[in-house]
Every structure is written in C-alpha cells, then in structure tokens.
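What follows is the content of entry.txt (compact mmCIF, C-alpha atoms).
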```txt
# COMPACT_ATOMS: atom_id res chain seq x y z
CA MET A 698 42.14 13.47 9.81
CA ALA A 699 44.42 13.94 12.81
CA ALA A 700 44.66 11.23 15.45
CA LYS A 701 42.60 11.86 18.59
CA ASP A 702 44.68 12.37 21.71
CA LEU A 703 44.41 10.56 25.04
CA PHE A 704 41.83 12.99 26.49
CA HIS A 705 39.46 13.29 23.52
CA ASN A 706 36.89 10.71 24.64
CA ALA A 707 37.04 11.82 28.29
CA VAL A 708 36.29 15.43 27.33
CA LYS A 709 33.52 14.33 24.96
CA GLN A 710 31.89 12.16 27.65
CA ALA A 711 32.14 14.99 30.21
CA LEU A 712 30.36 17.36 27.80
CA LEU A 713 27.63 14.78 27.12
CA LYS A 714 27.19 14.21 30.87
CA GLU A 715 26.61 17.96 31.30
CA GLU A 716 23.94 17.79 28.54
CA TRP A 717 25.97 19.42 25.77
CA VAL A 718 25.16 18.22 22.25
CA ILE A 719 28.20 17.30 20.17
CA THR A 720 27.60 18.97 16.81
CA ALA A 721 30.85 17.93 15.11
CA ASP A 722 33.64 15.46 15.87
CA PRO A 723 35.81 16.87 14.36
CA LEU A 724 34.59 20.28 13.19
CA LYS A 725 35.99 20.88 9.69
CA ILE A 726 36.46 24.46 8.52
CA LYS A 727 37.74 25.70 5.18
CA ILE A 728 38.81 29.31 4.70
CA GLY A 729 39.92 29.90 1.15
CA SER A 730 42.33 27.07 0.39
CA VAL A 731 43.24 26.44 4.05
CA LYS A 732 41.51 23.58 5.87
CA PHE A 733 41.25 23.33 9.66
CA GLU A 734 40.01 20.57 11.96
CA ILE A 735 38.89 21.39 15.50
CA ASP A 736 38.55 18.38 17.79
CA LEU A 737 34.98 18.97 19.01
CA ALA A 738 32.14 21.40 18.55
CA ALA A 739 29.25 21.42 20.99
CA GLU A 740 26.19 23.44 21.88
CA LYS A 741 23.82 23.62 24.82
CA VAL A 742 20.38 25.15 25.21
CA PHE A 743 19.97 27.35 28.26
CA ALA A 744 16.83 29.04 29.57
CA ALA A 745 16.82 32.54 31.01
CA GLU A 746 13.90 33.64 33.11
CA LYS A 747 12.69 37.20 33.76
CA ALA A 748 9.39 38.11 35.36
CA GLY A 749 8.05 34.58 34.90
CA ARG A 750 8.87 34.50 31.18
CA LYS A 751 11.38 32.00 29.86
CA LEU A 752 13.67 32.75 26.98
CA PRO A 753 15.64 29.87 25.47
CA LEU A 754 19.25 30.70 24.72
CA ARG A 755 21.63 28.55 22.78
CA SER A 756 25.38 28.60 23.07
CA LYS A 757 26.69 27.89 19.57
CA ALA A 758 30.34 28.79 19.72
CA PHE A 759 31.82 26.21 22.05
CA SER A 760 34.70 24.30 20.59
CA ILE A 761 37.65 22.67 22.26
CA ILE A 762 41.09 21.94 20.93
CA LEU A 763 42.83 19.07 22.68
```
Show me the file's structure as structure tokens.
Amino acid sequence: MAAKDLFHNAVKQALLKEEWVITADPLKIKIGSVKFEIDLAAEKVFAAEKAGRKLPLRSKAFSIIL
C-alpha cells in the first residue's frame, strides 16, 4: 500500500463534509495481473425533480488520485 500524501485526509474530510460517502480508501483494482490503487473512491446520492416527481440518482464513478 502506497503512503498517503499530505492532502489525503483534507480531501477526504472535504468530501465527507459535502455528504459524499467514502466507498474505498484506497480503491484496489486488478486487471489481469496488474494491480492498481486509487487513493479514494466516493459516491453521493442526488435527487432530480421533474413535475413534482423525484428520481434518486447516484454518482458512482468519483475517484480522486492525490
């Protein structure tokens, strides 16, 4: 596991403050025999409204590399 840089916790806390859910810290991915680690993965539920109907939307592809 790679060492976390100086900004890792600040970015994580900022995401949490904005109501993002940290889904992985770090996000580990394996493609074939190659392994990757991405610093953070997060998701947030949004609501879209049209004609009085609400539709929940979820952002699933947010990840940040520090």
One decimal, in Å: what's the spacing between CA of His705 in chain A and CA of Gly729 in chain A?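 Calculated distance between CA of His705 in chain A and CA of Gly729 in chain A is 27.9 Å.
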With 3 Å of padding per side, what axis-aligned box (centre and edge lengths, Å, one decimal) covers all the listed atoms of range 709-723 of chain A? Give it as lines of an AutoDock Vina configuration file.
```
center_x = 29.9
center_y = 15.8
center_z = 22.8
size_x = 17.9
size_y = 13.3
size_z = 22.9
```
Can you tell me which residues surround range 712-726 of chain A at a distance of at most 9 Å, considering all atoms listed in the file, apart from same-chain residues fewer than 6 positions away, and format the answer as a PyMOL selection string? chain A and resi 698+732-742+760
